[in-house]
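Engineer: Following this message is one structure expressed as structure tokens.
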Amino acid sequence: AFTRKAVAPVPEAGAGPEDTDTPAVHPLLGRRLQSAALLFENTLSATYPQLLQDHKVYGSIIVPGTAYLEMAFSAAHQLAAAMPLRLDDVRILEPMVLGDSVSAQEVQFIALETASNNYLFRVASRADRAAWTTHVTGNFTTGEAAEASPSISELPAIQSRLVQEHAVASFYEDILRLGLDFGPRFRCLEALYSGPQEALGRLAPASSANDAQLYLFDPGLLDSCFQVLGAALPAERVRAGQVYFPVGLDRITLYRQPQGPVWCHAIHQPSEN
């Protein structure tokens, strides 16, 4: 099992990706290394990949949780091109903070097969050859039959009950005042509607996303889907100015690569904890 202890995830694999002729297979995963495990290595910084510059929290560039989801989906897709792809029990343990443009983080994505088509994965990083820090753990499953994907036929019924429309520009101004400074790549909402503990958003990839085709699910677009949850929160929490960050997902399934406009339906389900 993976633990939160900062240890080297694999024996030393040599210099960073820039020191090899092995091509990168993905902007976030980087290059695949020869290993008994499924292993990718990359170097992330405040300037690469470029989309990370548009995700600032309290003034610092933070690797968004959706980047880890995209890494896991894309790693699974390397093994099995067929969809659906499913992630389970994803836990975000530590944020990855990217400093100035001079510093960089050596990042590894490691996955071990635990059963047929099922893998246990984690993402770890280090700077200046220091100890490794594990940021995310989870499981992914490839190529198995999944429940039917949500049907667009349900959309009219959802629209009919969510009649409160929010000005998207004001929505982003509000979250900026809370310390969430999202650039164009993470501002994909085009329309936003809500009702009691429920919200609906229409989204499209940012016009500046000229590399969106390199991702299975562009992290900026997926992050914007999570932003819809903010409109589903109870009004008293919104008035209190509380900021919420994703720390885990029980399950997320990718049925196909998004094309064109996307609708996101979010329901807030209160729990005891």
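Each chain in the structure tokens gets a letter, A, B and so on, in the order shown; residues start at 1 in every chain, and ligands are counted from 1 in the order they appear.
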With a distance cut-off of 9 Å and only C-alpha atoms, select the neighbouring residues of Ser194 (chain A), excluding the residue or stretch itself and same-chain residues fewer than 4 positions from it, and output the selection as a list in words.
Structural biologist: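 Within the cut-off, the hits are Arg161, Leu162, Val163, Gln164, Glu165, His166, Glu198, Ala199, Leu200, Gly201, Ala231 and Ala232 of chain A.
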Engineer: For the residues in the current selection, export C-alpha atoms as a compact mmCIF listing (two decimals), in the first residue's frame.
Structural biologist:
```
# COMPACT_ATOMS: atom_id res chain seq x y z
CA ARG A 161 -36.05 23.52 -12.27
CA LEU A 162 -32.81 25.54 -12.16
CA VAL A 163 -34.08 29.00 -13.01
CA GLN A 164 -31.69 31.25 -11.06
CA GLU A 165 -29.10 32.49 -13.52
CA HIS A 166 -25.71 33.77 -12.33
CA GLU A 198 -28.13 22.06 -7.24
CA ALA A 199 -26.41 23.81 -10.14
CA LEU A 200 -25.96 23.53 -13.89
CA GLY A 201 -23.18 24.99 -15.99
CA ALA A 231 -23.13 27.46 -7.12
CA ALA A 232 -24.75 24.37 -5.56
```
Engineer: Excluding region 250-256 of chain A and its own-chain neighbours fewer than 2 positions away, which residues fall within 9 Å of it when counting only C-alpha atoms? Please give them as a list in words.
Structural biologist: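 Those residues are Leu69, Phe73, Met83, Pro84, Leu85, Arg86, Leu87, Asp88, Asp89, Val90, Arg91, Ala146, Ala148, Ser149, Leu216, Phe217, Gly248, Pro258 and Gln259 of chain A.
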Engineer: Return as a Markdown table the residues of region 216-267 of chain A lying at most 12 Å from region 44-56 of chain A, together with the closest atom-to-atom pair for each and the distance in Å to one decimal, counting only C-alpha atoms, with rows in chain order and ascending residue number.
Structural biologist:
```
| residue | atom | partner | partner_atom | distance |
| --- | --- | --- | --- | --- |
| A:Asp218 | CA | A:Leu51 | CA | 9.6 |
| A:Pro219 | CA | A:Leu51 | CA | 8.5 |
| A:Gly220 | CA | A:Leu51 | CA | 7.6 |
| A:Leu221 | CA | A:Leu51 | CA | 11.0 |
| A:Asp223 | CA | A:His55 | CA | 9.8 |
| A:Ser224 | CA | A:His55 | CA | 11.3 |
```
Engineer: CA of Ala124 (chain A) and CA of Tyr68 (chain A), how far apart in Å?
Structural biologist: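 Answer for the CA of Tyr68 (chain A) to CA of Ala124 (chain A) separation: 10.6 Å.
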Engineer: Give the strand (DSSP E or B) residues of region 125-270 of chain A, as assigned by DSSP on the backbone, as a ChimeraX atom specification.
Structural biologist: /A:125-126,133-142,164-166,180-182,189-195,198-203,248-254,262-267
Engineer: Considering only C-alpha atoms, state which residue in the set A:Pro196, A:Tyr215, A:Cys264, A:Ser160 is at the smallest distance from Gln227 (chain A).
Structural biologist: A:Cys264
